[in-house]
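Engineer: Compact mmCIF, C-alpha atoms and all ligand atoms, saved as coords-v1.txt, coming up:
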# COMPACT_ATOMS: atom_id res chain seq x y z
CA MET A 267 8.23 -36.88 55.15
CA ALA A 268 10.43 -39.02 52.94
CA VAL A 269 9.71 -38.96 49.19
CA LYS A 270 7.72 -41.86 47.92
CA HIS A 271 9.43 -43.71 45.09
CA LYS A 272 7.03 -44.37 42.25
CA LEU A 273 6.98 -47.94 41.01
CA MET A 274 4.77 -49.25 38.25
CA ILE A 275 4.31 -53.03 38.30
CA LEU A 276 3.29 -54.85 35.11
CA PRO A 277 2.91 -58.53 36.03
CA GLY A 278 2.09 -59.65 32.47
CA ASP A 279 1.53 -63.29 31.52
CA GLY A 280 2.41 -66.83 32.53
CA ILE A 281 4.64 -66.85 35.60
CA GLY A 282 4.81 -63.00 35.53
CA PRO A 283 2.12 -62.46 38.19
CA GLU A 284 3.72 -65.06 40.52
CA VAL A 285 7.22 -63.64 40.36
CA THR A 286 6.17 -59.99 40.64
CA ALA A 287 4.02 -60.88 43.69
CA GLU A 288 7.26 -61.73 45.51
CA VAL A 289 8.60 -58.24 44.80
CA LYS A 290 5.44 -56.72 46.26
CA LYS A 291 6.16 -58.60 49.48
CA LEU A 292 9.67 -57.21 49.41
CA THR A 293 8.56 -53.58 48.96
CA GLY A 294 6.31 -54.05 52.00
CA TRP A 295 9.22 -55.41 54.02
CA LEU A 296 11.51 -52.53 52.97
CA GLU A 297 8.90 -49.94 53.95
CA SER A 298 8.60 -51.47 57.43
CA ASN A 299 12.31 -52.03 57.93
CA SER A 300 14.05 -49.08 56.27
CA ASP A 301 13.43 -45.43 55.52
CA ILE A 302 12.26 -46.01 51.94
CA SER A 303 8.63 -45.77 50.86
CA PHE A 304 6.89 -46.55 47.60
CA GLU A 305 3.89 -45.44 45.66
CA ILE A 306 2.93 -48.52 43.67
CA GLU A 307 0.56 -48.82 40.74
CA GLU A 308 -0.25 -51.90 38.76
CA ASP A 309 -1.55 -52.51 35.25
CA GLU A 310 -1.60 -55.06 32.46
CA ILE A 311 0.82 -55.72 29.60
CA GLY A 312 1.06 -58.46 26.99
CA GLY A 313 -1.61 -61.12 26.67
CA ALA A 314 -3.28 -60.00 29.88
CA ALA A 315 -3.66 -56.53 28.35
CA ILE A 316 -4.99 -57.99 25.09
CA ASP A 317 -7.64 -59.83 27.11
CA LYS A 318 -8.54 -56.75 29.14
CA TYR A 319 -8.05 -53.83 26.73
CA GLY A 320 -7.78 -55.46 23.30
CA VAL A 321 -4.16 -54.29 22.84
CA PRO A 322 -0.85 -55.51 24.38
CA LEU A 323 -0.06 -52.05 25.82
CA SER A 324 -2.79 -49.45 26.01
CA ASP A 325 -2.05 -45.74 25.61
CA GLU A 326 -3.23 -45.13 29.16
CA THR A 327 -0.92 -47.80 30.55
CA LEU A 328 1.97 -46.39 28.54
CA LYS A 329 1.26 -42.91 29.87
CA LYS A 330 1.13 -44.20 33.43
CA CYS A 331 4.48 -45.94 32.89
CA ALA A 332 6.00 -42.72 31.54
CA ASP A 333 4.65 -40.75 34.53
CA MET A 334 5.77 -43.28 37.11
CA GLY A 335 9.21 -43.55 35.46
CA THR A 336 10.29 -46.80 37.11
CA ILE A 337 8.67 -49.99 35.91
CA LEU A 338 8.98 -53.59 37.04
CA MET A 339 7.71 -56.11 34.52
CA GLY A 340 7.14 -59.87 34.92
CA ALA A 341 6.93 -61.52 31.51
CA VAL A 342 4.82 -61.49 28.36
CA GLY A 343 3.51 -64.05 25.88
CA GLY A 344 1.98 -67.49 25.79
CA PRO A 345 0.38 -70.04 23.47
CA LYS A 346 -3.04 -68.44 23.89
CA TRP A 347 -1.93 -65.44 21.81
CA ASP A 348 0.45 -67.22 19.42
CA ASP A 349 -1.64 -66.79 16.30
CA ILE A 350 -2.14 -63.03 16.56
CA ASP A 351 -0.55 -60.58 14.11
CA TYR A 352 2.98 -59.40 15.09
CA ASN A 353 2.09 -55.78 15.77
CA ILE A 354 -0.58 -56.69 18.32
CA ARG A 355 1.00 -59.77 19.90
CA PRO A 356 1.90 -59.75 23.64
CA GLU A 357 5.59 -59.17 22.77
CA ALA A 358 4.65 -56.04 20.81
CA GLY A 359 3.50 -54.45 24.10
CA LEU A 360 6.94 -54.87 25.62
CA LEU A 361 8.71 -53.65 22.47
CA LYS A 362 6.45 -50.58 22.40
CA LEU A 363 7.21 -49.83 26.04
CA ARG A 364 10.97 -50.05 25.41
CA LYS A 365 10.75 -47.93 22.26
CA GLU A 366 8.34 -45.25 23.50
CA LEU A 367 10.32 -44.68 26.70
CA ASP A 368 13.56 -44.72 24.67
CA LEU A 369 15.14 -47.36 26.90
CA PHE A 370 18.04 -48.03 24.57
CA ALA A 371 20.53 -49.63 26.97
CA ASN A 372 19.68 -53.01 28.37
CA LEU A 373 21.99 -54.20 31.14
CA ARG A 374 22.04 -57.95 31.70
CA PRO A 375 24.51 -59.04 34.36
CA ALA A 376 25.38 -62.75 34.40
CA ILE A 377 26.88 -63.58 37.76
CA VAL A 378 27.66 -67.07 39.00
CA PHE A 379 26.95 -67.34 42.71
CA ASP A 380 29.27 -69.80 44.45
CA ALA A 381 26.31 -71.69 45.91
CA LEU A 382 24.94 -72.31 42.42
CA ILE A 383 28.12 -73.42 40.75
CA ASP A 384 26.82 -76.97 40.33
CA ALA A 385 23.60 -75.79 38.68
CA SER A 386 25.56 -74.72 35.60
CA THR A 387 25.89 -77.23 32.78
CA LEU A 388 29.54 -76.15 32.46
CA LYS A 389 32.35 -77.41 34.66
CA PRO A 390 32.72 -75.53 37.96
CA GLU A 391 36.29 -74.41 37.16
CA ILE A 392 35.01 -72.74 33.98
CA VAL A 393 32.22 -70.70 35.59
CA LYS A 394 33.52 -70.05 39.11
CA GLY A 395 33.44 -66.38 40.03
CA LEU A 396 31.98 -65.40 36.66
CA ASP A 397 30.76 -61.81 36.43
CA ILE A 398 29.81 -60.63 32.94
CA LEU A 399 27.72 -57.63 32.02
CA ILE A 400 25.96 -57.71 28.67
CA VAL A 401 24.93 -54.30 27.39
CA ARG A 402 22.34 -54.93 24.70
CA GLU A 403 21.10 -52.17 22.39
CA LEU A 404 17.33 -52.32 22.89
CA THR A 405 15.45 -49.89 20.67
CA GLY A 406 17.01 -50.39 17.24
CA GLY A 407 18.25 -53.02 14.85
CA VAL A 408 16.20 -55.72 13.20
CA TYR A 409 13.59 -55.59 15.97
CA PHE A 410 12.35 -52.24 14.68
CA GLY A 411 13.86 -51.83 11.19
CA GLU A 412 11.63 -51.03 8.22
CA PRO A 413 10.61 -52.40 5.83
CA ARG A 414 9.36 -55.59 7.38
CA GLY A 415 6.59 -57.98 6.50
CA ILE A 416 5.42 -61.08 4.71
CA GLU A 417 4.40 -60.62 1.08
CA ASP A 418 3.04 -62.69 -1.74
CA ILE A 419 5.47 -63.35 -4.54
CA GLY A 420 3.06 -65.30 -6.73
CA ASN A 421 2.70 -69.03 -7.43
CA GLY A 422 1.44 -69.44 -3.87
CA GLU A 423 4.91 -68.49 -2.60
CA ARG A 424 5.72 -65.83 -0.03
CA ARG A 425 8.64 -63.76 1.18
CA GLY A 426 9.28 -62.79 4.81
CA PHE A 427 11.66 -59.90 5.44
CA ASN A 428 13.08 -57.67 8.16
CA THR A 429 15.64 -54.89 8.09
CA GLN A 430 18.75 -54.70 10.23
CA VAL A 431 19.62 -51.04 10.56
CA TYR A 432 21.78 -48.90 12.87
CA THR A 433 22.63 -45.22 12.82
CA THR A 434 25.74 -43.53 14.20
CA PRO A 435 23.94 -41.96 17.21
CA GLU A 436 22.26 -45.25 18.10
CA ILE A 437 25.61 -47.04 18.19
CA ARG A 438 27.44 -44.25 20.01
CA ARG A 439 24.94 -43.79 22.82
CA VAL A 440 24.84 -47.46 23.78
CA GLY A 441 28.62 -47.60 23.33
CA CYS A 442 29.03 -44.74 25.83
CA VAL A 443 26.89 -46.56 28.41
CA ALA A 444 29.00 -49.70 28.00
CA PHE A 445 32.35 -47.89 28.21
CA GLU A 446 31.24 -45.94 31.30
CA LEU A 447 30.11 -49.16 33.01
CA ALA A 448 33.34 -50.95 32.05
CA ARG A 449 35.34 -48.23 33.80
CA LYS A 450 33.55 -49.07 37.04
CA ARG A 451 34.27 -52.79 36.62
CA GLY A 452 37.07 -54.68 34.87
CA ASN A 453 37.78 -51.89 32.34
CA LYS A 454 37.40 -54.22 29.36
CA ILE A 455 34.84 -54.35 26.54
CA HIS A 456 34.08 -56.89 23.86
CA SER A 457 32.06 -55.30 21.07
CA CYS A 458 30.19 -57.96 19.07
CA GLU A 459 28.69 -57.80 15.58
CA LYS A 460 29.02 -59.48 12.21
CA ALA A 461 31.15 -56.89 10.45
CA ASN A 462 32.35 -59.66 8.14
CA VAL A 463 28.95 -60.02 6.49
CA MET A 464 26.77 -57.04 7.44
CA GLU A 465 27.12 -53.33 6.65
CA SER A 466 25.34 -52.47 9.90
CA GLY A 467 28.02 -54.52 11.68
CA LYS A 468 30.82 -52.75 9.81
CA LEU A 469 29.39 -49.38 10.86
CA TRP A 470 29.00 -50.64 14.43
CA ARG A 471 32.69 -51.61 14.53
CA GLU A 472 33.84 -48.32 13.02
CA GLU A 473 31.75 -46.19 15.38
CA ILE A 474 32.78 -48.12 18.50
CA THR A 475 36.42 -47.80 17.41
CA LYS A 476 36.02 -44.04 16.95
CA LEU A 477 34.28 -43.61 20.28
CA HIS A 478 37.07 -45.57 21.93
CA GLN A 479 39.77 -43.41 20.37
CA GLU A 480 37.97 -40.16 21.18
CA HIS A 481 36.89 -40.73 24.78
CA TYR A 482 37.65 -44.17 26.18
CA SER A 483 41.16 -45.18 25.16
CA ASP A 484 41.84 -46.14 28.81
CA VAL A 485 39.38 -49.03 28.44
CA GLU A 486 40.56 -52.22 26.73
CA LEU A 487 38.48 -52.79 23.59
CA ILE A 488 38.25 -56.10 21.74
CA HIS A 489 36.11 -56.52 18.61
CA MET A 490 34.62 -59.96 18.19
CA TYR A 491 32.26 -61.51 15.69
CA ALA A 492 29.01 -62.47 17.39
CA ASP A 493 29.25 -66.14 16.42
CA ASN A 494 32.74 -66.34 17.90
CA CYS A 495 31.44 -64.62 21.04
CA ALA A 496 28.75 -67.30 21.38
CA MET A 497 31.46 -69.94 21.18
CA GLN A 498 33.89 -68.13 23.51
CA LEU A 499 31.14 -67.75 26.15
CA LEU A 500 31.15 -71.53 26.46
CA ARG A 501 34.87 -72.09 25.94
CA ASN A 502 36.30 -69.48 28.29
CA PRO A 503 33.63 -67.16 29.70
CA SER A 504 35.93 -65.52 32.23
CA GLN A 505 37.73 -63.63 29.43
CA PHE A 506 34.66 -61.32 29.32
CA ASP A 507 33.92 -58.27 31.45
CA VAL A 508 31.46 -56.10 29.49
CA ILE A 509 29.96 -57.21 26.19
CA VAL A 510 28.28 -54.53 24.08
CA THR A 511 26.17 -55.68 21.18
CA ASP A 512 23.08 -55.03 19.10
CA ASN A 513 19.48 -55.90 19.84
CA LEU A 514 19.27 -59.33 18.20
CA PHE A 515 22.75 -60.61 19.10
CA GLY A 516 22.19 -59.29 22.62
CA ASP A 517 18.94 -61.23 22.89
CA ILE A 518 20.70 -64.44 21.94
CA LEU A 519 23.99 -63.97 23.79
CA SER A 520 22.21 -63.00 27.01
CA ASP A 521 20.16 -66.20 27.03
CA GLU A 522 23.40 -68.10 26.55
CA ALA A 523 25.16 -66.17 29.31
CA ALA A 524 22.19 -66.79 31.58
CA MET A 525 22.65 -70.54 31.31
CA LEU A 526 26.27 -70.20 32.42
CA THR A 527 24.85 -69.05 35.75
CA GLY A 528 22.79 -72.22 36.13
CA SER A 529 19.33 -71.05 35.18
CA LEU A 530 17.48 -68.47 33.18
CA GLY A 531 15.52 -68.06 36.41
CA MET A 532 18.45 -66.17 37.96
CA LEU A 533 19.13 -63.38 35.46
CA PRO A 534 17.83 -59.84 36.07
CA SER A 535 17.90 -56.90 33.67
CA ALA A 536 17.62 -53.14 33.64
CA SER A 537 16.68 -51.09 30.60
CA LEU A 538 17.76 -47.50 30.84
CA GLY A 539 17.44 -44.46 28.63
CA GLY A 540 18.44 -40.87 28.44
CA ASP A 541 16.03 -39.31 30.90
CA ASP A 542 16.09 -41.28 34.14
CA LYS A 543 13.42 -43.78 33.24
CA GLY A 544 14.03 -47.44 33.94
CA LEU A 545 12.36 -50.72 33.07
CA TYR A 546 13.36 -53.72 35.16
CA GLU A 547 12.53 -57.24 34.10
CA PRO A 548 13.83 -60.77 34.45
CA VAL A 549 15.56 -62.09 31.31
CA HIS A 550 13.41 -65.23 31.37
CA GLY A 551 10.07 -65.46 29.59
CA SER A 552 6.53 -66.26 30.72
CA ALA A 553 7.16 -70.06 30.99
CA PRO A 554 3.50 -71.01 30.30
CA ASP A 555 4.30 -74.69 30.99
CA ILE A 556 4.83 -74.02 34.70
CA ALA A 557 2.57 -70.99 35.18
CA GLY A 558 0.28 -71.02 38.19
CA GLN A 559 2.02 -73.98 39.81
CA GLY A 560 4.28 -72.16 42.27
CA LYS A 561 7.34 -73.59 40.52
CA ALA A 562 8.80 -70.39 39.06
CA ASN A 563 12.01 -68.94 40.42
CA PRO A 564 11.31 -65.35 41.61
CA LEU A 565 15.00 -64.51 42.11
CA ALA A 566 15.52 -62.97 38.64
CA THR A 567 12.62 -60.59 39.32
CA ILE A 568 13.77 -59.88 42.87
CA LEU A 569 17.27 -59.16 41.55
CA SER A 570 15.74 -56.93 38.83
CA PHE A 571 14.03 -54.99 41.59
CA ALA A 572 17.42 -54.70 43.31
CA MET A 573 18.69 -53.12 40.09
CA ALA A 574 15.77 -50.65 40.30
CA LEU A 575 16.85 -49.78 43.84
CA ARG A 576 20.37 -49.19 42.55
CA TYR A 577 19.81 -47.35 39.26
CA SER A 578 16.41 -45.62 39.59
CA PHE A 579 16.06 -45.02 43.32
CA GLU A 580 19.77 -44.52 43.99
CA ARG A 581 19.66 -46.82 46.97
CA SER A 582 22.68 -49.04 46.44
CA ASP A 583 22.64 -49.74 50.17
CA LEU A 584 19.25 -51.45 49.89
CA ALA A 585 20.16 -53.10 46.58
CA ASP A 586 23.19 -54.65 48.29
CA ARG A 587 21.03 -55.95 51.11
CA VAL A 588 18.53 -57.57 48.75
CA GLU A 589 21.31 -59.14 46.67
CA HIS A 590 23.04 -60.50 49.78
CA ALA A 591 19.73 -61.91 51.01
CA ALA A 592 19.23 -63.74 47.70
CA GLN A 593 22.74 -65.20 47.98
CA ASP A 594 22.12 -66.17 51.58
CA VAL A 595 19.02 -68.15 50.60
CA LEU A 596 21.08 -70.07 48.04
CA THR A 597 23.75 -70.75 50.63
CA GLN A 598 21.01 -72.20 52.85
CA GLU A 599 20.50 -74.68 49.98
CA LEU A 600 16.94 -73.60 49.33
CA ARG A 601 16.09 -74.01 45.64
CA THR A 602 13.21 -73.62 43.23
CA ALA A 603 12.84 -76.48 40.75
CA ASP A 604 14.95 -74.86 37.99
CA ILE A 605 18.08 -74.76 40.19
CA MET A 606 17.36 -77.83 42.31
CA ALA A 607 20.40 -79.96 43.21
CA VAL A 608 21.04 -83.11 45.22
CA GLY A 609 20.95 -82.44 48.96
CA CYS A 610 19.06 -79.15 48.61
CA THR A 611 15.47 -78.44 49.61
CA GLU A 612 13.02 -77.68 46.83
CA ILE A 613 10.66 -74.83 47.65
CA SER A 614 7.87 -72.92 45.90
CA THR A 615 7.91 -69.45 44.36
CA ASN A 616 6.12 -68.09 47.40
CA ALA A 617 8.47 -69.83 49.86
CA MET A 618 11.48 -68.47 47.95
CA GLY A 619 10.13 -64.92 48.37
CA ASP A 620 9.59 -65.60 52.07
CA ALA A 621 13.09 -67.01 52.37
CA VAL A 622 14.59 -63.80 50.93
CA ILE A 623 12.64 -61.81 53.50
CA GLY A 624 13.79 -64.24 56.22
CA ALA A 625 17.39 -63.62 55.15
CA LEU A 626 16.84 -59.84 55.31
CA ASP A 627 15.42 -60.23 58.84
CA LYS A 628 18.40 -62.36 59.81
CA ALA A 629 20.84 -59.75 58.49
CA ILE A 630 19.16 -57.06 60.62
CA ALA A 631 19.28 -59.29 63.71
CA GLU A 632 22.98 -60.02 63.12
CA ALA A 633 23.81 -56.34 62.70
CA ALA A 634 22.04 -55.40 65.94
C1 LIG B 701 13.94 -60.65 25.98
C2 LIG B 701 12.79 -61.36 25.30
C3 LIG B 701 12.07 -60.35 24.41
C4 LIG B 701 13.04 -59.91 23.32
C5 LIG B 701 10.74 -60.83 23.83
C6 LIG B 701 9.79 -61.32 24.88
C7 LIG B 701 10.10 -59.76 22.99
O1 LIG B 701 13.25 -62.47 24.61
O2 LIG B 701 13.69 -59.64 26.67
O3 LIG B 701 15.07 -61.11 25.85
O4 LIG B 701 13.19 -60.61 22.30
O5 LIG B 701 13.66 -58.87 23.49
MG MG B 702 15.32 -62.92 24.95
Can the structure in the file be given as structure tokens, please?

Structural biologist:
Amino acid sequence: MAVKHKLMILPGDGIGPEVTAEVKKLTGWLESNSDISFEIEEDEIGGAAIDKYGVPLSDETLKKCADMGTILMGAVGGPKWDDIDYNIRPEAGLLKLRKELDLFANLRPAIVFDALIDASTLKPEIVKGLDILIVRELTGGVYFGEPRGIEDIGNGERRGFNTQVYTTPEIRRVGCVAFELARKRGNKIHSCEKANVMESGKLWREEITKLHQEHYSDVELIHMYADNCAMQLLRNPSQFDVIVTDNLFGDILSDEAAMLTGSLGMLPSASLGGDDKGLYEPVHGSAPDIAGQGKANPLATILSFAMALRYSFERSDLADRVEHAAQDVLTQELRTADIMAVGCTEISTNAMGDAVIGALDKAIAEAA
């Protein structure tokens, strides 16, 4: 009997349950129509976990995630939990998951599909054919640096502080991932930091330079300040192939890159570490304003699952099929609200999931 691939699903908050439900449909379809099979477990993260277990990621859930190895997450956070302390907020559950599983390399591909070219706020000639991969360091930097806190400084005044910190091994290991990926693509890397004002940025630049000289001199390396990178992404995005950057700049630059593609609802991500574990999640958040209304775009989550097929389950063949099906749906001019355009048909989250499955069926029929 074929091995069952273990998949842990953490729907989370807001639109998370709606978009992950569409992936569950897809796993069912793949089991009936290919030789793959899954063992799926589900649990809570974020606000949903706070409501159920009192913490945003329980130790049991974390252990299950570690055992299962491959995790698909929806989204976390929402106004309901906005006033809670930072270390027990919904977001803290996700940060703990990333940190505890040592998922230090976050891959965020920003690809502009031809059918969506008009959904971008930039001119079509600027974004046509765009294919950028952001490699964001995910378990270090100011997100985790100590000390951090808010303290009283007397006279009713306070001081809030965080620490931006990177070590040589942290920079080198994410750098290696980025260089290796660049070799399989356009063979070019932009490394982004603020070496002009931050010591951690200066170290980042020096270590990436060293790594390049030692092992990757065949790859073109360009150093760029992060603010300039933000500007260049809008001015001339096609100059980029792979961008490697730290946790905070990566968070910001990937949201910006996502909008080049037309909608945050399109961007998938994969977070990988040293020992074969993988966390797959859409780049978008929990979008509480549209939660429960069937308006969310499930494509970022479906494409994240395709990344799981590719990187964790080593089934590039199936990943290709899912990605082509998503493109096919867009070519059929079916759109969720976030990517709606004149002349297209607006459909619900559920109908978008069904349309992807319809496109997979069609591809089988055409191949027969
Ligand atoms: C992301 C999100 C998260 C982050 C939040 C939800 C903690 O914005 O994955 O980009 O800041 O990393
Ligand atoms: Mg973000």

Engineer: Which residue is closest to A:Gly426? Choose from A:Gly516, A:Pro503, A:Gly344, A:Pro413 and count only C-alpha atoms.

Structural biologist: A:Pro413

Engineer: Could you give me, as a PDB file with C-alpha atoms, in the coordinates of the input, the residues within 9 Å of stretch 590-597 of chain A, counting all atoms listed in the file and dropping anything in the same chain fewer than 3 positions from it?

Structural biologist:
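Wrote it out as out-v6.pdb, contents follow:
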ATOM      1  CA  PHE A 379      26.950 -67.340  42.710  1.00  0.00           C
ATOM      2  CA  ASP A 380      29.270 -69.800  44.450  1.00  0.00           C
ATOM      3  CA  ALA A 381      26.310 -71.690  45.910  1.00  0.00           C
ATOM      4  CA  LEU A 382      24.940 -72.310  42.420  1.00  0.00           C
ATOM      5  CA  LEU A 565      15.000 -64.510  42.110  1.00  0.00           C
ATOM      6  CA  ILE A 568      13.770 -59.880  42.870  1.00  0.00           C
ATOM      7  CA  LEU A 569      17.270 -59.160  41.550  1.00  0.00           C
ATOM      8  CA  ALA A 585      20.160 -53.100  46.580  1.00  0.00           C
ATOM      9  CA  ASP A 586      23.190 -54.650  48.290  1.00  0.00           C
ATOM     10  CA  ARG A 587      21.030 -55.950  51.110  1.00  0.00           C
ATOM     11  CA  LEU A 600      16.940 -73.600  49.330  1.00  0.00           C
ATOM     12  CA  ARG A 601      16.090 -74.010  45.640  1.00  0.00           C
ATOM     13  CA  MET A 618      11.480 -68.470  47.950  1.00  0.00           C
ATOM     14  CA  ALA A 621      13.090 -67.010  52.370  1.00  0.00           C
ATOM     15  CA  VAL A 622      14.590 -63.800  50.930  1.00  0.00           C
ATOM     16  CA  ILE A 623      12.640 -61.810  53.500  1.00  0.00           C
ATOM     17  CA  GLY A 624      13.790 -64.240  56.220  1.00  0.00           C
ATOM     18  CA  ALA A 625      17.390 -63.620  55.150  1.00  0.00           C
ATOM     19  CA  LEU A 626      16.840 -59.840  55.310  1.00  0.00           C
ATOM     20  CA  LYS A 628      18.400 -62.360  59.810  1.00  0.00           C
ATOM     21  CA  ALA A 629      20.840 -59.750  58.490  1.00  0.00           C
TER      22      ALA A 629
END

Engineer: At most 12 Å from (34.8, -40.9, 21.5), file frame, all atoms listed in the file: which residues, as a PyMOL selection string?

Structural biologist: chain A and resi 434-435+437-439+441-443+445-446+472-485

Engineer: Which residues are near ligand MG 702 (chain B) in this structure, taking near to mean any atom at most 9 Å from a ligand atom and counting only C-alpha atoms and all ligand atoms? Format them as a list in words.

Structural biologist: Leu514, Gly516, Asp517, Ile518, Leu519, Ser520, Asp521, Val549, His550 and Gly551 of chain A

Engineer: So that I can see what lies close to A:Lys346, please list as a VMD selection string the residues with an atom at most 12 Å from it, counting only C-alpha atoms and leaving out residues fewer than 2 positions away in the same chain.

Structural biologist: chain A and resid 279 to 280 312 to 314 316 to 317 342 to 344 348 to 350 355 to 356 552 554 to 555

Engineer: What separation in Å, quoted to one decimal, exists between atom CA of A:Met334 and atom CA of A:Gly531?

Structural biologist: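 Result for atom CA of A:Met334 versus atom CA of A:Gly531: 26.6 Å, one decimal.
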
Engineer: Here is a test: counting all atoms listed in the file, which residue of A:Gly609, A:Gly320, A:Gly619, A:Gly359 is nearest to ligand LIG 701 (chain B)?

Structural biologist: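 Residue with the minimum atom-to-atom distance to ligand LIG 701 (chain B): A:Gly359.
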
Engineer: Let me have the centre and edge lengths in Å, one decimal, of the box along x, y and z around every listed atom of ligand LIG 701 (chain B) with 5 Å of margin on each side, as JSON.

Structural biologist:
{"center_x": 12.4, "center_y": -60.7, "center_z": 24.5, "size_x": 15.3, "size_y": 13.6, "size_z": 14.4}

Engineer: Quick one: of A:Val285, A:Leu338, A:Leu530, A:Ala376, who's nearest to A:Ser570, counting all atoms listed in the file?

Structural biologist: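 Comparing A:Val285, A:Leu338, A:Leu530, A:Ala376 against A:Ser570, the winner is A:Leu338.
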
Engineer: Might you pull out every residue within 8 Å of A:Ile400, with only C-alpha atoms counted and same-chain residues fewer than 5 positions away left off, and present them as a PyMOL selection string?

Structural biologist: chain A and resi 372-376+508-511+516+520

Engineer: Between atom CA of A:Lys561 and atom C6 of ligand LIG 701 (chain B), what distance in Å does the model show, to one decimal?

Structural biologist: 20.0 Å

Engineer: Can you take the partial stretch 554-571 of chain A, add N, CA and C atoms, and return it as a short mmCIF file (atom, residue, chain, number, x, y, z; two decimals), in the coordinates of the input?

Structural biologist:
data_model
loop_
_atom_site.label_atom_id
_atom_site.label_comp_id
_atom_site.auth_asym_id
_atom_site.auth_seq_id
_atom_site.Cartn_x
_atom_site.Cartn_y
_atom_site.Cartn_z
N PRO A 554 4.90 -70.57 30.15
CA PRO A 554 3.50 -71.01 30.30
C PRO A 554 3.37 -72.44 30.83
N ASP A 555 4.38 -73.27 30.56
CA ASP A 555 4.30 -74.69 30.99
C ASP A 555 4.28 -74.85 32.51
N ILE A 556 4.84 -73.89 33.23
CA ILE A 556 4.83 -74.02 34.70
C ILE A 556 4.00 -72.93 35.39
N ALA A 557 3.31 -72.12 34.59
CA ALA A 557 2.57 -70.99 35.18
C ALA A 557 1.50 -71.47 36.15
N GLY A 558 1.35 -70.74 37.23
CA GLY A 558 0.28 -71.02 38.19
C GLY A 558 0.54 -72.21 39.09
N GLN A 559 1.75 -72.77 39.03
CA GLN A 559 2.02 -73.98 39.81
C GLN A 559 2.97 -73.72 40.99
N GLY A 560 3.37 -72.47 41.17
CA GLY A 560 4.28 -72.16 42.27
C GLY A 560 5.68 -72.72 42.05
N LYS A 561 6.02 -73.00 40.79
CA LYS A 561 7.34 -73.59 40.52
C LYS A 561 8.37 -72.56 40.07
N ALA A 562 7.90 -71.38 39.66
CA ALA A 562 8.80 -70.39 39.06
C ALA A 562 9.80 -69.87 40.09
N ASN A 563 10.97 -69.53 39.59
CA ASN A 563 12.01 -68.94 40.42
C ASN A 563 11.83 -67.40 40.44
N PRO A 564 11.52 -66.81 41.59
CA PRO A 564 11.31 -65.35 41.61
C PRO A 564 12.60 -64.55 41.73
N LEU A 565 13.76 -65.25 41.81
CA LEU A 565 15.00 -64.51 42.11
C LEU A 565 15.40 -63.54 41.00
N ALA A 566 15.16 -63.90 39.72
CA ALA A 566 15.52 -62.97 38.64
C ALA A 566 14.72 -61.67 38.76
N THR A 567 13.47 -61.79 39.17
CA THR A 567 12.62 -60.59 39.32
C THR A 567 13.02 -59.81 40.57
N ILE A 568 13.31 -60.54 41.64
CA ILE A 568 13.77 -59.88 42.87
C ILE A 568 15.10 -59.15 42.61
N LEU A 569 15.99 -59.80 41.86
CA LEU A 569 17.27 -59.16 41.55
C LEU A 569 17.09 -57.99 40.56
N SER A 570 16.06 -58.07 39.72
CA SER A 570 15.74 -56.93 38.83
C SER A 570 15.28 -55.75 39.68
N PHE A 571 14.47 -56.05 40.68
CA PHE A 571 14.03 -54.99 41.59
C PHE A 571 15.23 -54.39 42.34
#
